[in-house]
Structures are given as C-alpha cells and as structure tokens.
>>> print(open('run.cif').read())   # mmCIF, C-alpha atoms
data_run
#
loop_
_atom_site.label_atom_id
_atom_site.label_comp_id
_atom_site.auth_asym_id
_atom_site.auth_seq_id
_atom_site.Cartn_x
_atom_site.Cartn_y
_atom_site.Cartn_z
CA MET J 1 -23.14 4.51 -0.57
CA LYS J 2 -22.44 0.90 0.17
CA ILE J 3 -18.67 0.50 0.20
CA VAL J 4 -17.08 -2.93 0.46
CA VAL J 5 -13.52 -2.88 1.77
CA ILE J 6 -11.67 -6.02 0.65
CA GLY J 7 -8.99 -6.63 3.24
CA GLY J 8 -10.97 -4.42 5.60
CA THR J 9 -9.68 -6.12 8.75
CA GLY J 10 -6.05 -5.12 8.12
CA LEU J 11 -3.97 -2.07 9.09
CA ILE J 12 -5.58 0.42 6.69
CA GLY J 13 -9.00 -1.20 6.69
CA LYS J 14 -9.40 -0.85 10.44
CA LYS J 15 -8.71 2.88 10.09
CA LEU J 16 -10.83 3.35 6.96
CA ILE J 17 -14.06 1.63 8.04
CA PRO J 18 -14.80 4.11 10.90
CA LEU J 19 -14.11 7.08 8.59
CA LEU J 20 -16.58 5.78 6.02
CA THR J 21 -19.20 5.06 8.66
CA GLU J 22 -18.82 8.53 10.18
CA ALA J 23 -19.37 9.99 6.70
CA GLY J 24 -22.73 8.22 6.51
CA HIS J 25 -21.80 5.31 4.26
CA THR J 26 -22.53 1.63 4.77
CA ALA J 27 -19.02 0.21 5.08
CA VAL J 28 -18.49 -3.54 4.96
CA ALA J 29 -15.17 -5.13 5.95
CA ALA J 30 -14.60 -8.19 3.77
CA SER J 31 -11.74 -10.64 4.27
CA PRO J 32 -11.17 -14.38 4.62
CA SER J 33 -11.96 -14.02 8.33
CA THR J 34 -15.44 -12.73 7.40
CA GLY J 35 -15.99 -15.42 4.73
CA VAL J 36 -14.89 -13.40 1.69
CA ASN J 37 -11.85 -14.56 -0.27
CA SER J 38 -10.85 -12.65 -3.39
CA VAL J 39 -8.47 -15.39 -4.55
CA THR J 40 -10.88 -18.35 -4.35
CA GLY J 41 -13.92 -16.18 -5.03
CA GLU J 42 -15.66 -17.43 -1.90
CA GLY J 43 -18.35 -15.01 -0.71
CA LEU J 44 -17.53 -12.30 -3.28
CA ALA J 45 -20.87 -12.24 -5.09
CA ASP J 46 -22.88 -11.96 -1.88
CA ALA J 47 -20.56 -9.32 -0.39
CA LEU J 48 -20.78 -7.11 -3.48
CA LYS J 49 -24.58 -7.15 -3.83
CA GLY J 50 -25.74 -3.53 -3.94
CA ALA J 51 -22.22 -2.16 -3.60
CA ASP J 52 -21.40 1.18 -5.19
CA THR J 53 -17.65 1.15 -4.50
CA VAL J 54 -15.05 -1.49 -3.71
CA VAL J 55 -11.81 -0.57 -1.93
CA ASP J 56 -9.10 -3.17 -2.50
CA LEU J 57 -6.66 -3.44 0.41
CA THR J 58 -5.71 -7.06 -0.17
CA ASN J 59 -2.21 -8.27 0.65
CA ALA J 60 -0.55 -11.57 -0.12
CA PRO J 61 0.01 -14.03 2.75
CA SER J 62 3.32 -15.08 1.18
CA TRP J 63 5.94 -12.83 -0.43
CA GLY J 64 7.63 -15.45 -2.59
CA ASP J 65 7.92 -14.09 -6.13
CA ASP J 66 5.61 -16.65 -7.76
CA GLU J 67 3.12 -16.73 -4.89
CA VAL J 68 2.70 -12.98 -4.59
CA LEU J 69 2.32 -12.57 -8.36
CA GLU J 70 -0.36 -15.25 -8.49
CA PHE J 71 -2.16 -13.74 -5.50
CA PHE J 72 -2.46 -10.20 -6.84
CA ARG J 73 -3.19 -11.23 -10.41
CA THR J 74 -5.92 -13.71 -9.42
CA SER J 75 -7.42 -11.48 -6.74
CA ALA J 76 -7.69 -8.48 -9.06
CA ALA J 77 -9.19 -10.57 -11.88
CA ASN J 78 -11.80 -12.09 -9.56
CA LEU J 79 -12.69 -8.71 -8.09
CA GLY J 80 -13.09 -7.16 -11.53
CA ALA J 81 -15.42 -9.91 -12.73
CA ALA J 82 -17.51 -9.84 -9.54
CA GLU J 83 -17.74 -6.04 -9.64
CA LYS J 84 -18.96 -6.01 -13.23
CA ALA J 85 -21.62 -8.58 -12.38
CA ALA J 86 -22.72 -6.55 -9.34
CA GLY J 87 -22.77 -3.19 -11.13
CA VAL J 88 -20.03 -1.61 -9.01
CA THR J 89 -19.20 1.86 -10.32
CA HIS J 90 -15.82 2.55 -8.69
CA HIS J 91 -12.91 0.25 -7.87
CA LEU J 92 -10.36 1.91 -5.61
CA ALA J 93 -7.08 0.11 -4.93
CA VAL J 94 -3.92 0.85 -2.99
CA SER J 95 -0.62 0.32 -4.77
CA ILE J 96 2.95 1.58 -4.26
CA VAL J 97 4.74 4.68 -5.55
CA ASN J 98 7.28 3.76 -8.26
CA CYS J 99 6.30 0.08 -8.23
CA ASP J 100 6.86 0.08 -11.99
CA GLN J 101 10.41 1.38 -11.53
CA ILE J 102 11.69 -1.47 -9.29
CA PRO J 103 11.77 -4.59 -11.50
CA ASP J 104 14.19 -6.42 -9.17
CA SER J 105 11.39 -6.79 -6.60
CA GLY J 106 8.96 -9.65 -7.07
CA TYR J 107 6.46 -7.85 -4.86
CA MET J 108 6.63 -4.69 -6.96
CA ARG J 109 6.23 -6.72 -10.16
CA ALA J 110 3.14 -8.28 -8.62
CA LYS J 111 1.67 -4.86 -7.82
CA VAL J 112 2.25 -3.82 -11.44
CA ALA J 113 0.40 -6.98 -12.55
CA GLN J 114 -2.45 -6.11 -10.16
CA GLU J 115 -2.68 -2.61 -11.64
CA ARG J 116 -2.75 -4.10 -15.14
CA GLU J 117 -5.69 -6.34 -14.21
CA ILE J 118 -7.55 -3.38 -12.69
CA ARG J 119 -7.09 -1.29 -15.84
CA GLY J 120 -8.41 -4.08 -18.04
CA ALA J 121 -11.38 -5.12 -15.89
CA GLY J 122 -13.84 -2.67 -17.40
CA VAL J 123 -14.82 -1.12 -14.04
CA PRO J 124 -14.12 2.60 -13.45
CA PHE J 125 -11.11 2.76 -11.15
CA THR J 126 -8.74 4.87 -9.11
CA ILE J 127 -5.32 3.55 -8.08
CA LEU J 128 -3.83 5.22 -5.00
CA ARG J 129 -0.08 4.74 -5.12
CA ALA J 130 1.22 5.46 -1.62
CA THR J 131 4.77 5.48 -0.34
CA GLN J 132 5.85 3.04 2.38
CA PHE J 133 4.06 3.46 5.69
CA PHE J 134 5.81 4.66 8.85
CA GLU J 135 4.47 1.46 10.39
CA PHE J 136 6.77 -0.61 8.13
CA LEU J 137 10.02 0.88 9.46
CA ALA J 138 10.48 -1.77 12.14
CA GLY J 139 10.22 -4.54 9.55
CA ILE J 140 12.60 -2.73 7.20
CA ALA J 141 15.16 -2.39 9.99
CA ASP J 142 14.89 -6.05 11.00
CA PHE J 143 15.19 -7.30 7.41
CA SER J 144 18.24 -5.10 6.85
CA THR J 145 20.12 -6.17 9.99
CA LYS J 146 23.27 -8.25 9.58
CA ASP J 147 25.42 -9.13 12.60
CA GLY J 148 23.70 -6.44 14.65
CA VAL J 149 24.24 -3.67 12.08
CA VAL J 150 21.42 -2.25 9.96
CA HIS J 151 22.54 -1.86 6.34
CA ALA J 152 20.05 0.73 5.11
CA SER J 153 19.66 2.08 1.61
CA THR J 154 20.45 5.70 0.74
CA ALA J 155 17.55 5.74 -1.75
CA ARG J 156 15.21 8.72 -1.53
CA PHE J 157 12.41 7.95 0.90
CA GLN J 158 9.23 9.82 1.81
CA PRO J 159 7.09 7.54 4.01
CA VAL J 160 3.53 8.27 5.08
CA ALA J 161 1.34 7.52 8.09
CA ALA J 162 -1.27 4.78 7.69
CA ASP J 163 -3.79 7.28 9.09
CA ASP J 164 -3.14 9.54 6.08
CA VAL J 165 -3.62 6.65 3.68
CA ALA J 166 -7.00 5.87 5.23
CA ALA J 167 -8.02 9.53 5.20
CA THR J 168 -7.06 9.87 1.52
CA LEU J 169 -9.06 6.78 0.61
CA ALA J 170 -12.07 8.12 2.51
CA GLY J 171 -11.88 11.27 0.40
CA LEU J 172 -11.41 9.43 -2.90
CA VAL J 173 -14.53 7.30 -2.44
CA GLU J 174 -16.53 10.53 -2.49
CA GLN J 175 -15.10 11.49 -5.89
CA PRO J 176 -15.62 10.06 -9.39
CA ALA J 177 -13.17 7.42 -10.58
CA THR J 178 -10.09 8.95 -12.22
CA ASN J 179 -9.29 5.89 -14.35
CA GLY J 180 -5.71 6.69 -13.43
CA VAL J 181 -3.22 7.01 -10.59
CA VAL J 182 -3.20 9.31 -7.57
CA GLU J 183 0.05 9.46 -5.57
CA LEU J 184 0.41 10.02 -1.84
CA ALA J 185 3.55 10.61 0.24
CA GLY J 186 4.42 11.86 3.69
CA PRO J 187 5.31 15.49 4.36
CA GLU J 188 9.08 14.91 4.69
CA ALA J 189 11.67 13.36 2.41
CA GLY J 190 15.11 11.98 3.25
CA THR J 191 16.91 8.70 2.74
CA LEU J 192 15.64 5.35 3.87
CA ALA J 193 18.68 5.14 6.15
CA SER J 194 17.91 8.47 7.82
CA PHE J 195 14.33 7.45 8.64
CA VAL J 196 15.38 4.05 9.96
CA ARG J 197 18.08 5.67 12.12
CA CYS J 198 15.64 8.21 13.56
CA TYR J 199 13.06 5.49 14.21
CA LEU J 200 15.48 3.22 16.06
CA GLU J 201 16.84 6.10 18.14
CA ALA J 202 13.31 7.10 19.15
CA LYS J 203 12.59 3.53 20.21
CA GLY J 204 15.78 3.27 22.22
CA ASP J 205 17.18 0.63 19.88
CA ALA J 206 20.99 0.71 20.01
CA ARG J 207 21.63 -0.91 16.64
CA THR J 208 24.03 1.00 14.39
CA VAL J 209 22.59 2.10 11.05
CA LEU J 210 25.04 2.03 8.16
CA ASP J 211 24.28 4.16 5.09
CA ASP J 212 24.68 1.52 2.40
CA PRO J 213 23.93 2.49 -1.24
CA ALA J 214 24.00 -1.20 -2.20
CA ALA J 215 21.51 -2.32 0.44
CA GLY J 216 18.44 -1.88 -1.73
CA TYR J 217 14.86 -2.32 -0.53
CA PHE J 218 14.13 -5.85 0.68
CA GLY J 219 16.95 -6.99 -1.58
CA ALA J 220 15.87 -5.06 -4.69
CA GLN J 221 18.01 -2.32 -6.19
CA VAL J 222 16.18 0.99 -6.04
CA GLU J 223 16.97 4.65 -6.67
CA SER J 224 13.86 6.25 -5.18
CA LEU J 225 10.99 5.17 -2.98
CA ALA J 226 9.39 8.62 -3.23
CA PRO J 227 7.41 10.49 -5.88
CA ALA J 228 9.41 12.57 -8.31
CA PRO J 229 9.80 16.14 -7.00
CA GLY J 230 7.10 18.45 -8.27
CA ASN J 231 4.89 15.76 -9.79
CA GLY J 232 1.77 16.85 -7.90
CA ALA J 233 1.56 13.99 -5.41
CA ARG J 234 -0.75 14.49 -2.45
CA VAL J 235 1.02 15.05 0.86
CA GLY J 236 -0.09 13.54 4.16
CA ALA J 237 -0.73 15.67 7.22
CA VAL J 238 1.03 13.54 9.86
CA SER J 239 4.71 14.38 10.32
CA PHE J 240 7.26 11.73 11.22
CA ALA J 241 7.91 13.40 14.58
CA THR J 242 4.19 13.43 15.39
CA TRP J 243 3.87 9.79 14.48
CA LEU J 244 6.89 8.84 16.57
CA GLY J 245 5.36 10.67 19.52
#
>>> encode(input="run.cif", output="structure tokens")
Amino acid sequence: MKIVVIGGTGLIGKKLIPLLTEAGHTAVAASPSTGVNSVTGEGLADALKGADTVVDLTNAPSWGDDEVLEFFRTSAANLGAAEKAAGVTHHLAVSIVNCDQIPDSGYMRAKVAQEREIRGAGVPFTILRATQFFEFLAGIADFSTKDGVVHASTARFQPVAADDVAATLAGLVEQPATNGVVELAGPEAGTLASFVRCYLEAKGDARTVLDDPAAGYFGAQVESLAPAPGNGARVGAVSFATWLG
C-alpha cells in the first residue's frame, strides 16, 4: 500500500515510517518541512495521489485554547476533503484516552473536535486513542514545578512508550477501518505523581514530588488519564523500567 503519514517527521512518525517500509509498504512522510501543510492545504492533493491509507499524526504548533482548536478542526476537515478526492480508503488518527472526559483542557476539547471532523468526513476511519507517552514525563514535571517542588496529580495514569504507539499503528494499517475507537495504554498503571517521581529519581533529578490531588493535568482537573479497567484496551509491550533503562 501507499501510506501517507501526515506529521511523519515527528516523534511517532520517525518510528512508524521504518516499520511500514519494512512491511513492504510505500511510506511517505508528509509535513510542512516536506511541503505538505494540512492546515493551509498546501501540497495535500499531490501527496495523497494514489494513497490507500493516511495516518494523521499532526500536532498544533501552539497550545492556546483557540489556536489548538482551530488547528485540529481545520486540519481534519482539509484531510477529509483531500482524502475523499484522492480515493483514500482508510484514515487512521492518533487521539488521547479519555479526551472527551476532560472538558477543562482546551487541548482535549480540540482533540474531541478533531475526532468529530474525522467521523463526519465520509472516509472509513480508525481512531487510536493512546495514553500519554513516557516521553512526555519530563515536560509534565517541568510544567508542574513551583518553587522547586513538583505538584503532581494523583489521577490514575497508565502511560505508554512511543515505540508501542508506532507498532500499534503499523498493525492497524494492515486491518480494515473500524469506524470507531481503539485504545492503547502501557502495561502498568499508577498515579501520575508516582510515574513522575520514578522518572525524576531515575534521571538523578533531586526535585521533590508532592502528591497533589488538585494539581490536575496541565491545569485541567482530571480523575483518570488511563482507560477504564477491563474495557479491552490494547496494552503496550514496553515496561516503564525497560524504557527508563
């Protein structure tokens, strides 16, 4: 198949492209740096010529509430229109577990709007809702630090390795569109605070981590950043200890 990866030069894209190529597919990394912009529409029609599947890994350059909403809504609408014109038969996008349960977060609201556009585009789709990546823990810790102390949420947390996200996507492109959601989480669950504490200790970072139920997730109140127990979510293979090593 010809598979176009929108946002293919980012964290997941750089891991996914080699997996697709090794499986015998023609994998094309498309991003503004390669002349393809899903927000302006630049280069989309040419990039999607002959494509069977599109993997959407786009991410907004700005996380302001209005900016991120406009980015995801416009990008998804443009991709849907271009895919219909090109005869694409599967749109595969990465979203976030429980994004529809965290209305305080402008970013999560924007991901819900993206999902809504995908569902209404008329192209067969699969939405992979993944939990937060291990690779984001440093940013979470830095955002949550006040006066040298990390105020970390006690919300349920089950992060996953970016390698597992890429591997799951590589498997999903081989399967028919579900026209629904597939969830992915890491193999271990705890609290956000416990993962941040373990991460900082492994890195030799002496900051104190305070278990703070009011801390939220990037300022948004949240009860769980993990799939509901027993809901059938896929589980990644890479443990937190392995990733830290």
>>> closest_residue(input="run.cif", among="J:Ile6, J:Val238, J:Ala185, J:Ala51", to="Ala85 (chain J)", atoms="all atoms listed in the file")
J:Ala51
>>> axis_aligned_box(input="run.cif", around="region 58-67 of chain J", padding_each_side="5 Å", output="AutoDock Vina command-line options")
--center_x 1.1 --center_y -11.9 --center_z -2.5 --size_x 23.6 --size_y 19.7 --size_z 20.5
>>> resolve_selection(input="run.cif", expression="the PyMOL selection byres ((chain J and resi 204-214) around 10)", output="VMD selection string")
chain J and resid 141 144 to 145 147 to 155 191 to 194 196 to 203 215 to 217 219 to 223
>>> resolve_selection(input="run.cif", expression="the PyMOL selection byres ((chain J and resi 32) around 12)", output="short mmCIF file (atom, residue, chain, number, x, y, z; two decimals) with C-alpha atoms, in the frame of the given file")
data_model
loop_
_atom_site.label_atom_id
_atom_site.label_comp_id
_atom_site.auth_asym_id
_atom_site.auth_seq_id
_atom_site.Cartn_x
_atom_site.Cartn_y
_atom_site.Cartn_z
CA ILE J 6 -11.67 -6.02 0.65
CA GLY J 7 -8.99 -6.63 3.24
CA GLY J 8 -10.97 -4.42 5.60
CA THR J 9 -9.68 -6.12 8.75
CA GLY J 10 -6.05 -5.12 8.12
CA ALA J 29 -15.17 -5.13 5.95
CA ALA J 30 -14.60 -8.19 3.77
CA SER J 31 -11.74 -10.64 4.27
CA SER J 33 -11.96 -14.02 8.33
CA THR J 34 -15.44 -12.73 7.40
CA GLY J 35 -15.99 -15.42 4.73
CA VAL J 36 -14.89 -13.40 1.69
CA ASN J 37 -11.85 -14.56 -0.27
CA SER J 38 -10.85 -12.65 -3.39
CA VAL J 39 -8.47 -15.39 -4.55
CA THR J 40 -10.88 -18.35 -4.35
CA GLY J 41 -13.92 -16.18 -5.03
CA GLU J 42 -15.66 -17.43 -1.90
CA GLY J 43 -18.35 -15.01 -0.71
CA LEU J 44 -17.53 -12.30 -3.28
CA ALA J 47 -20.56 -9.32 -0.39
CA THR J 58 -5.71 -7.06 -0.17
CA ASN J 59 -2.21 -8.27 0.65
CA ALA J 60 -0.55 -11.57 -0.12
CA PRO J 61 0.01 -14.03 2.75
#
>>> residues_near_point(input="run.cif", point="(-9.0, 4.5, -15.2)", cutoff="10 Å", atoms="all atoms listed in the file", output="ChimeraX atom specification")
/J:90-91,118-127,177-181
>>> closest_residue(input="run.cif", among="J:Arg234, J:Lys84, J:Arg156, J:Lys2", to="Arg129 (chain J)", atoms="all atoms listed in the file")
J:Arg234
>>> resolve_selection(input="run.cif", expression="the PyMOL selection byres ((chain J and resi 18) around 12)", output="number ranges by chain")
J: 3, 5, 8-9, 12-17, 19-29, 163, 166-167, 170
>>> atom_distance(input="run.cif", atom1="CA of Thr74 (chain J)", atom2="CA of Ala93 (chain J)")
14.6 Å
>>> atom_distance(input="run.cif", atom1="CA of Arg116 (chain J)", atom2="CA of Cys99 (chain J)")
12.1 Å
>>> residues_around(input="run.cif", residues="Ala233 (chain J)", least_positions_apart="6", cutoff="9 Å", atoms="all atoms listed in the file", output="ChimeraX atom specification")
/J:182-185,227
>>> decode(input="run.cif", residues="region 137-150 of chain J", atoms="all heavy atoms", output="PDB file, in the first residue's frame")
ATOM      1  N   LEU J 137       6.973  12.727  30.127  1.00  0.00           N
ATOM      2  CA  LEU J 137       7.087  12.893  31.580  1.00  0.00           C
ATOM      3  C   LEU J 137       7.964  14.080  31.969  1.00  0.00           C
ATOM      4  O   LEU J 137       7.676  14.773  32.952  1.00  0.00           O
ATOM      5  CB  LEU J 137       7.619  11.606  32.214  1.00  0.00           C
ATOM      6  CG  LEU J 137       6.587  10.472  32.318  1.00  0.00           C
ATOM      7  CD1 LEU J 137       7.265   9.158  32.679  1.00  0.00           C
ATOM      8  CD2 LEU J 137       5.503  10.815  33.336  1.00  0.00           C
ATOM      9  N   ALA J 138       9.020  14.319  31.225  1.00  0.00           N
ATOM     10  CA  ALA J 138       9.886  15.458  31.540  1.00  0.00           C
ATOM     11  C   ALA J 138       9.108  16.765  31.436  1.00  0.00           C
ATOM     12  O   ALA J 138       9.214  17.644  32.311  1.00  0.00           O
ATOM     13  CB  ALA J 138      11.093  15.479  30.608  1.00  0.00           C
ATOM     14  N   GLY J 139       8.317  16.914  30.379  1.00  0.00           N
ATOM     15  CA  GLY J 139       7.522  18.123  30.204  1.00  0.00           C
ATOM     16  C   GLY J 139       6.454  18.273  31.266  1.00  0.00           C
ATOM     17  O   GLY J 139       6.188  19.383  31.743  1.00  0.00           O
ATOM     18  N   ILE J 140       5.842  17.151  31.671  1.00  0.00           N
ATOM     19  CA  ILE J 140       4.840  17.192  32.734  1.00  0.00           C
ATOM     20  C   ILE J 140       5.481  17.668  34.038  1.00  0.00           C
ATOM     21  O   ILE J 140       4.922  18.512  34.755  1.00  0.00           O
ATOM     22  CB  ILE J 140       4.196  15.804  32.921  1.00  0.00           C
ATOM     23  CG1 ILE J 140       3.353  15.434  31.696  1.00  0.00           C
ATOM     24  CG2 ILE J 140       3.329  15.775  34.184  1.00  0.00           C
ATOM     25  CD1 ILE J 140       2.857  14.006  31.701  1.00  0.00           C
ATOM     26  N   ALA J 141       6.654  17.128  34.341  1.00  0.00           N
ATOM     27  CA  ALA J 141       7.351  17.516  35.573  1.00  0.00           C
ATOM     28  C   ALA J 141       7.704  18.994  35.562  1.00  0.00           C
ATOM     29  O   ALA J 141       7.506  19.709  36.558  1.00  0.00           O
ATOM     30  CB  ALA J 141       8.605  16.670  35.746  1.00  0.00           C
ATOM     31  N   ASP J 142       8.214  19.478  34.441  1.00  0.00           N
ATOM     32  CA  ASP J 142       8.622  20.889  34.362  1.00  0.00           C
ATOM     33  C   ASP J 142       7.420  21.812  34.483  1.00  0.00           C
ATOM     34  O   ASP J 142       7.485  22.831  35.188  1.00  0.00           O
ATOM     35  CB  ASP J 142       9.357  21.144  33.044  1.00  0.00           C
ATOM     36  CG  ASP J 142      10.716  20.481  32.984  1.00  0.00           C
ATOM     37  OD1 ASP J 142      11.237  20.085  34.046  1.00  0.00           O
ATOM     38  OD2 ASP J 142      11.259  20.360  31.868  1.00  0.00           O
ATOM     39  N   PHE J 143       6.316  21.466  33.819  1.00  0.00           N
ATOM     40  CA  PHE J 143       5.119  22.305  33.886  1.00  0.00           C
ATOM     41  C   PHE J 143       4.574  22.358  35.308  1.00  0.00           C
ATOM     42  O   PHE J 143       4.031  23.391  35.736  1.00  0.00           O
ATOM     43  CB  PHE J 143       4.049  21.766  32.941  1.00  0.00           C
ATOM     44  CG  PHE J 143       2.773  22.568  32.944  1.00  0.00           C
ATOM     45  CD1 PHE J 143       2.623  23.650  32.101  1.00  0.00           C
ATOM     46  CD2 PHE J 143       1.723  22.249  33.803  1.00  0.00           C
ATOM     47  CE1 PHE J 143       1.452  24.401  32.110  1.00  0.00           C
ATOM     48  CE2 PHE J 143       0.557  22.986  33.821  1.00  0.00           C
ATOM     49  CZ  PHE J 143       0.410  24.070  32.972  1.00  0.00           C
ATOM     50  N   SER J 144       4.723  21.256  36.042  1.00  0.00           N
ATOM     51  CA  SER J 144       4.119  21.130  37.370  1.00  0.00           C
ATOM     52  C   SER J 144       5.013  21.631  38.501  1.00  0.00           C
ATOM     53  O   SER J 144       4.653  21.519  39.673  1.00  0.00           O
ATOM     54  CB  SER J 144       3.770  19.656  37.631  1.00  0.00           C
ATOM     55  OG  SER J 144       2.950  19.140  36.605  1.00  0.00           O
ATOM     56  N   THR J 145       6.190  22.155  38.164  1.00  0.00           N
ATOM     57  CA  THR J 145       7.140  22.593  39.184  1.00  0.00           C
ATOM     58  C   THR J 145       6.867  24.033  39.625  1.00  0.00           C
ATOM     59  O   THR J 145       6.774  24.946  38.804  1.00  0.00           O
ATOM     60  CB  THR J 145       8.583  22.480  38.664  1.00  0.00           C
ATOM     61  OG1 THR J 145       8.864  21.108  38.355  1.00  0.00           O
ATOM     62  CG2 THR J 145       9.575  22.973  39.703  1.00  0.00           C
ATOM     63  N   LYS J 146       6.738  24.194  40.938  1.00  0.00           N
ATOM     64  CA  LYS J 146       6.575  25.520  41.533  1.00  0.00           C
ATOM     65  C   LYS J 146       7.552  25.652  42.692  1.00  0.00           C
ATOM     66  O   LYS J 146       7.541  24.840  43.626  1.00  0.00           O
ATOM     67  CB  LYS J 146       5.139  25.714  42.043  1.00  0.00           C
ATOM     68  CG  LYS J 146       4.071  25.599  40.959  1.00  0.00           C
ATOM     69  CD  LYS J 146       2.681  25.691  41.564  1.00  0.00           C
ATOM     70  CE  LYS J 146       1.603  25.495  40.502  1.00  0.00           C
ATOM     71  NZ  LYS J 146       0.239  25.511  41.083  1.00  0.00           N
ATOM     72  N   ASP J 147       8.431  26.649  42.611  1.00  0.00           N
ATOM     73  CA  ASP J 147       9.433  26.882  43.655  1.00  0.00           C
ATOM     74  C   ASP J 147      10.249  25.618  43.939  1.00  0.00           C
ATOM     75  O   ASP J 147      10.536  25.293  45.099  1.00  0.00           O
ATOM     76  CB  ASP J 147       8.771  27.381  44.945  1.00  0.00           C
ATOM     77  CG  ASP J 147       8.036  28.693  44.747  1.00  0.00           C
ATOM     78  OD1 ASP J 147       8.549  29.544  43.987  1.00  0.00           O
ATOM     79  OD2 ASP J 147       6.953  28.871  45.332  1.00  0.00           O
ATOM     80  N   GLY J 148      10.584  24.900  42.880  1.00  0.00           N
ATOM     81  CA  GLY J 148      11.443  23.729  43.023  1.00  0.00           C
ATOM     82  C   GLY J 148      10.739  22.451  43.433  1.00  0.00           C
ATOM     83  O   GLY J 148      11.382  21.410  43.559  1.00  0.00           O
ATOM     84  N   VAL J 149       9.426  22.519  43.654  1.00  0.00           N
ATOM     85  CA  VAL J 149       8.658  21.342  44.059  1.00  0.00           C
ATOM     86  C   VAL J 149       7.680  20.980  42.936  1.00  0.00           C
ATOM     87  O   VAL J 149       6.991  21.847  42.402  1.00  0.00           O
ATOM     88  CB  VAL J 149       7.876  21.597  45.362  1.00  0.00           C
ATOM     89  CG1 VAL J 149       6.994  20.403  45.708  1.00  0.00           C
ATOM     90  CG2 VAL J 149       8.848  21.900  46.500  1.00  0.00           C
ATOM     91  N   VAL J 150       7.629  19.700  42.592  1.00  0.00           N
ATOM     92  CA  VAL J 150       6.717  19.230  41.556  1.00  0.00           C
ATOM     93  C   VAL J 150       5.375  18.872  42.193  1.00  0.00           C
ATOM     94  O   VAL J 150       5.301  17.940  43.000  1.00  0.00           O
ATOM     95  CB  VAL J 150       7.289  17.997  40.822  1.00  0.00           C
ATOM     96  CG1 VAL J 150       6.346  17.563  39.708  1.00  0.00           C
ATOM     97  CG2 VAL J 150       8.677  18.294  40.265  1.00  0.00           C
TER      98      VAL J 150
END
